[in-house]
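Asks: One structure follows; several queries about it will come next.
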Amino acid sequence: MSMFCRQCEQTAQGKGCTVKGVCGKTDETAALQDTLLYALKGIGVYGVLAQKLGIKDALAERFIMEGLFTTITNVNFYPEKIEELIRNAFEIKERLKKKVAQQYLKQNKKELDAKELPACANWVLPATKAELIEQAKNIGVLSNPGLNEDIRSLRELLLYGLKGMAAYADHALILGKEDRQVNEFFYKALAAQADAELTADDLTALVMEFGKVNLKCLEILDKAHTEKFGNPIPTKVGTGIKPGPAIIVSGHDLLDLYQLLGKTQGQGVNIYTHGEMLPAHGYPELKKFKHLVGHFGTAWQNQQKEFDNLPAAVLMTTNCIQKPKDSYLDRIFTTGLVAWPGVFHIQTEKDGNKDFGKIIAKAKELNGFKAEKKDKEIQVGFAHKTVLQVADKVIDAVKAKKIRHFFLIGGCDGAKPGRNYYTDFAQKVPQDCVILTLACGKFRFNRIDFGDIAGIPRLLDCGQCNDAYSAIIIASALAKAFNCGVNDLPLSLVLSWYEQKAVCILITLLSLGIKNIKIGPTLPAFISANVLKILVEKFNIQPITDAEKDIKEILKN
Ligand code: SF4
């Protein structure tokens, strides 16, 4: 069996993982993920018809989000769980197909001709896992060698963006927020993957439409977070340790953290954030828990080193999980869509609650850290509400030439070399410039003291990757205040990408007409030469080069 996956930045030799994923994904898991995606495309085809016929299927909509999210890099490495999802996908497709056929007959007085639909709509579930894997050979990224490479590239761009939006839509839905436009776009974009009629121009237009829909999704997630946990406020977060049993919570799911904080209250267990969970400290409803004591470690790619020999339990709520070392296999736990064979999974119960009993017991058994160790503080909590409250101060500082330029240095961190660029860049940003940041790439520089300009911190942490929404709102408000477009602001975007959530955010920025984005450490392997040409011509996207050179070039304009 040979796999092919090139959806993330660390793909083998910058071309594609073909034997085993650099991320640790086996060829078996890769094949099953391909089949799951194929099954989701089949649901998408019936979903589009269902919409036209006025049928709503909440279960199918939710399932699509979960299915796509499962295939994001570093989420689910468990073949049996993915097989289970494929079997569910088939049932959901068949149920939707039945509803569509009935309604079609009712409205059109004739039978729906399923033979006219793409093959994924008529896909039949094989009996065994081996057959599912065998089937994947004919449905993966390269399964149609005759396909135009630009069409393939645009389909991949849309699909990977869609995976990112699925993660955000799923987070929002868990908190009770959803949006019709977002849910229906999943159907449309999945069905488009199987539509042989769509030209490169059609797909480019669809990618741009997707960017706008994703902005809506980011907006509902922002609402979901702020209505449940309050608007983030500037907060200093300790990175040292405190004595006592400890649980370290990684990933992006704030509700998991909230529920765990509730369950551990008064139990003598300290809770630390890890990776993308850092911004949680800024939310009033989370920071009110006194046993949320600080942040542990750095970004995801350092977890094997950081979790080794820890007297603490670890909870992985979303991506990014790496192969757990034997030294901590019995004290790392997964939940939600994350899964790794041999790791205990905390299930979601019917009422949405989770039983954290086992991880709490493990933390107590391990007894935690012995002595207090102080370390640097990181400041978080500069989401749109906080920054816009001091907008006048910021505008005055720009007008008085105290602030010359804003740099948004955001995006994912990763293991491949070349990412020191972002540390270098942040360090070399002139003293009269402000850095906005978000997502886990900031761990390259967020322990540095950047000082302030007229009381405005020079480093403003807007939050997780999904809080790109905050950065967009801030930029739009500044543009309004200066009566210009975002591209005319003294603002430059320097982004790092790793997985598919970064893809969806990049597409959203482009769909808003934002130009001159610098991106690195390397360009996506799935972008064909012609698609890149379009991105360069329309948006002047540029690869990063050397930090000093790039800063000079930006500031001379
Ligand atoms: S997710 Fe990335 S590292 Fe993993 S198999 Fe795909 S391209 Fe390779």
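If you're wondering about the labels, chains in the structure tokens are A, B, ... by order shown, residues count from 1 in each chain, ligands from 1 in order shown.
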Find the residues around Asp550 in chain A up to 10 Å (only C-alpha atoms counted), leave out those fewer than 6 positions away in its own chain, and share them as a ChimeraX atom specification.

Replies: /A:425,494,518,543-544

Asks: Fewer than 2 positions away in the same chain doesn't count, so skip those; otherwise give me all residues within 9 Å of Leu286 in chain A, counting only C-alpha atoms, as a VMD selection string.

Replies: chain A and resid 229 to 230 254 257 to 258 261 280 to 284 288 to 289 292

Asks: Please produce a file of the residues just selected, as a PDB file, in the first residue's frame, where the atoms kept are C-alpha atoms.

Replies:
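Contents of the output file result_35.pdb:
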ATOM      1  CA  PHE A 229     -16.341  32.868  28.915  1.00  0.00           C
ATOM      2  CA  GLY A 230     -16.446  36.684  28.671  1.00  0.00           C
ATOM      3  CA  LEU A 254     -11.953  26.022  25.953  1.00  0.00           C
ATOM      4  CA  LEU A 257     -10.759  23.264  30.040  1.00  0.00           C
ATOM      5  CA  TYR A 258     -13.792  24.913  31.658  1.00  0.00           C
ATOM      6  CA  LEU A 261     -11.644  23.308  36.007  1.00  0.00           C
ATOM      7  CA  ALA A 280      -7.572  30.750  28.006  1.00  0.00           C
ATOM      8  CA  HIS A 281      -6.026  32.715  30.882  1.00  0.00           C
ATOM      9  CA  GLY A 282      -7.471  35.956  29.514  1.00  0.00           C
ATOM     10  CA  TYR A 283     -11.137  34.849  29.687  1.00  0.00           C
ATOM     11  CA  PRO A 284     -12.889  36.029  32.892  1.00  0.00           C
ATOM     12  CA  LYS A 288     -11.736  33.023  37.967  1.00  0.00           C
ATOM     13  CA  PHE A 289     -10.619  29.475  38.867  1.00  0.00           C
ATOM     14  CA  LEU A 292      -5.708  27.532  36.847  1.00  0.00           C
TER      15      LEU A 292
END

Asks: Any idea what the distance is between CA of Glu156 in chain A and CA of Cys504 in chain A?

Replies: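 CA of Glu156 in chain A sits 11.6 Å away from CA of Cys504 in chain A.
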
Asks: Check which residues of range 376-474 of chain A sit at most 12 Å from range 212-228 of chain A using only C-alpha atoms, and return one row each with the closest pair of atoms and their distance in Å to one decimal, ordered by chain and rising number, as JSON lines.

Replies:
{"residue": "A:Gly381", "atom": "CA", "partner": "A:Thr226", "partner_atom": "CA", "distance": 11.9}
{"residue": "A:Ala383", "atom": "CA", "partner": "A:Asp222", "partner_atom": "CA", "distance": 9.8}
{"residue": "A:His384", "atom": "CA", "partner": "A:Asp222", "partner_atom": "CA", "distance": 10.0}
{"residue": "A:Lys385", "atom": "CA", "partner": "A:Thr226", "partner_atom": "CA", "distance": 10.0}
{"residue": "A:Cys462", "atom": "CA", "partner": "A:Asp222", "partner_atom": "CA", "distance": 11.8}
{"residue": "A:Gly463", "atom": "CA", "partner": "A:Asp222", "partner_atom": "CA", "distance": 10.9}
{"residue": "A:Gln464", "atom": "CA", "partner": "A:Asp222", "partner_atom": "CA", "distance": 10.8}
{"residue": "A:Cys465", "atom": "CA", "partner": "A:Leu218", "partner_atom": "CA", "distance": 10.0}
{"residue": "A:Asn466", "atom": "CA", "partner": "A:Leu218", "partner_atom": "CA", "distance": 6.4}
{"residue": "A:Asp467", "atom": "CA", "partner": "A:Asp222", "partner_atom": "CA", "distance": 7.3}
{"residue": "A:Ala468", "atom": "CA", "partner": "A:Leu218", "partner_atom": "CA", "distance": 7.9}
{"residue": "A:Tyr469", "atom": "CA", "partner": "A:Leu218", "partner_atom": "CA", "distance": 5.8}
{"residue": "A:Ser470", "atom": "CA", "partner": "A:Asp222", "partner_atom": "CA", "distance": 8.2}
{"residue": "A:Ala471", "atom": "CA", "partner": "A:Leu218", "partner_atom": "CA", "distance": 11.3}
{"residue": "A:Ile472", "atom": "CA", "partner": "A:Leu215", "partner_atom": "CA", "distance": 9.1}
{"residue": "A:Ile473", "atom": "CA", "partner": "A:Glu219", "partner_atom": "CA", "distance": 9.8}

Asks: Keeping only N, CA and C atoms, take the residues you just selected and write them out as a CSV table (one decimal), in the first residue's frame.

Replies:
chain,number,residue,atom,x,y,z
A,381,GLY,N,-4.5,38.2,26.2
A,381,GLY,CA,-5.8,38.9,26.5
A,381,GLY,C,-6.0,40.1,25.6
A,383,ALA,N,-7.5,40.6,22.7
A,383,ALA,CA,-8.5,40.3,21.7
A,383,ALA,C,-9.1,41.7,21.2
A,384,HIS,N,-10.0,41.6,20.2
A,384,HIS,CA,-10.5,42.8,19.6
A,384,HIS,C,-11.1,43.8,20.6
A,385,LYS,N,-11.9,43.3,21.6
A,385,LYS,CA,-12.6,44.2,22.5
A,385,LYS,C,-11.6,45.1,23.3
A,462,CYS,N,-3.3,38.3,20.5
A,462,CYS,CA,-4.7,38.3,20.2
A,462,CYS,C,-5.3,37.0,20.5
A,463,GLY,N,-4.5,35.9,20.7
A,463,GLY,CA,-5.1,34.6,21.1
A,463,GLY,C,-4.7,33.4,20.3
A,464,GLN,N,-5.7,32.5,20.1
A,464,GLN,CA,-5.4,31.3,19.4
A,464,GLN,C,-5.5,31.5,17.9
A,465,CYS,N,-5.3,30.5,17.1
A,465,CYS,CA,-5.3,30.7,15.6
A,465,CYS,C,-6.7,31.2,15.2
A,466,ASN,N,-7.8,30.6,15.8
A,466,ASN,CA,-9.1,31.1,15.4
A,466,ASN,C,-9.4,32.5,15.8
A,467,ASP,N,-8.5,33.1,16.6
A,467,ASP,CA,-8.7,34.5,17.0
A,467,ASP,C,-8.1,35.4,15.9
A,468,ALA,N,-7.8,34.9,14.8
A,468,ALA,CA,-7.5,35.7,13.6
A,468,ALA,C,-8.6,36.7,13.4
A,469,TYR,N,-9.8,36.2,13.8
A,469,TYR,CA,-11.0,37.1,13.7
A,469,TYR,C,-10.7,38.4,14.5
A,470,SER,N,-10.1,38.3,15.6
A,470,SER,CA,-9.8,39.6,16.4
A,470,SER,C,-8.8,40.5,15.6
A,471,ALA,N,-7.8,39.9,15.0
A,471,ALA,CA,-6.9,40.7,14.2
A,471,ALA,C,-7.6,41.3,13.0
A,472,ILE,N,-8.5,40.6,12.4
A,472,ILE,CA,-9.3,41.2,11.3
A,472,ILE,C,-10.1,42.4,11.7
A,473,ILE,N,-10.8,42.2,12.9
A,473,ILE,CA,-11.6,43.3,13.4
A,473,ILE,C,-10.8,44.5,13.8

Asks: Would you please extract all alpha helix (DSSP H) residues from range 368-509 of chain A, as assigned by DSSP on the backbone, and give them as an MDAnalysis selection string?

Replies: chainID A and resid 384:389 391:399 420:428 468:481 500:509

Asks: Output C-alpha atoms for every residue in the selection just made, as a compact mmCIF listing (two decimals), in the first residue's frame.

Replies:
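Result went into out-v2.txt, see below:
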# COMPACT_ATOMS: atom_id res chain seq x y z
CA HIS A 384 -10.52 42.82 19.63
CA LYS A 385 -12.61 44.21 22.51
CA THR A 386 -9.59 45.12 24.64
CA VAL A 387 -7.59 46.58 21.78
CA LEU A 388 -10.52 48.58 20.43
CA GLN A 389 -11.15 50.03 23.88
CA ALA A 391 -8.18 52.48 19.83
CA ASP A 392 -8.02 56.26 20.42
CA LYS A 393 -4.70 55.88 22.20
CA VAL A 394 -3.38 53.71 19.36
CA ILE A 395 -4.58 56.14 16.68
CA ASP A 396 -3.04 59.11 18.55
CA ALA A 397 0.27 57.24 18.83
CA VAL A 398 0.24 56.58 15.06
CA LYS A 399 -0.64 60.21 14.28
CA ASN A 420 13.84 30.81 13.63
CA TYR A 421 13.01 33.43 11.02
CA TYR A 422 10.00 34.40 13.13
CA THR A 423 12.07 34.83 16.31
CA ASP A 424 14.60 36.86 14.36
CA PHE A 425 11.87 38.91 12.77
CA ALA A 426 10.19 39.75 16.09
CA GLN A 427 13.53 40.66 17.66
CA LYS A 428 14.48 42.89 14.76
CA ALA A 468 -7.46 35.68 13.60
CA TYR A 469 -10.98 37.10 13.74
CA SER A 470 -9.76 39.57 16.39
CA ALA A 471 -6.87 40.66 14.19
CA ILE A 472 -9.25 41.18 11.26
CA ILE A 473 -11.63 43.25 13.41
CA ILE A 474 -8.74 45.34 14.76
CA ALA A 475 -7.34 45.95 11.26
CA SER A 476 -10.79 46.85 9.89
CA ALA A 477 -11.41 49.29 12.77
CA LEU A 478 -8.03 50.96 12.23
CA ALA A 479 -8.73 51.26 8.51
CA LYS A 480 -12.08 52.88 9.29
CA ALA A 481 -10.48 55.28 11.75
CA GLN A 500 -5.10 23.24 7.61
CA LYS A 501 -6.49 25.83 10.01
CA ALA A 502 -3.79 28.17 8.79
CA VAL A 503 -4.95 27.44 5.24
CA CYS A 504 -8.51 28.49 6.02
CA ILE A 505 -7.36 31.70 7.70
CA LEU A 506 -5.09 32.57 4.80
CA ILE A 507 -7.96 32.10 2.35
CA THR A 508 -10.15 34.36 4.49
CA LEU A 509 -7.50 37.09 4.50

Asks: Between A:Ser528, A:Gln303, A:Asn270, A:Asn319, single out the one closest to ligand 1, counting only C-alpha atoms and all ligand atoms.

Replies: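 Of A:Ser528, A:Gln303, A:Asn270, A:Asn319, the one nearest ligand 1, counting only C-alpha atoms and all ligand atoms, is A:Asn319.
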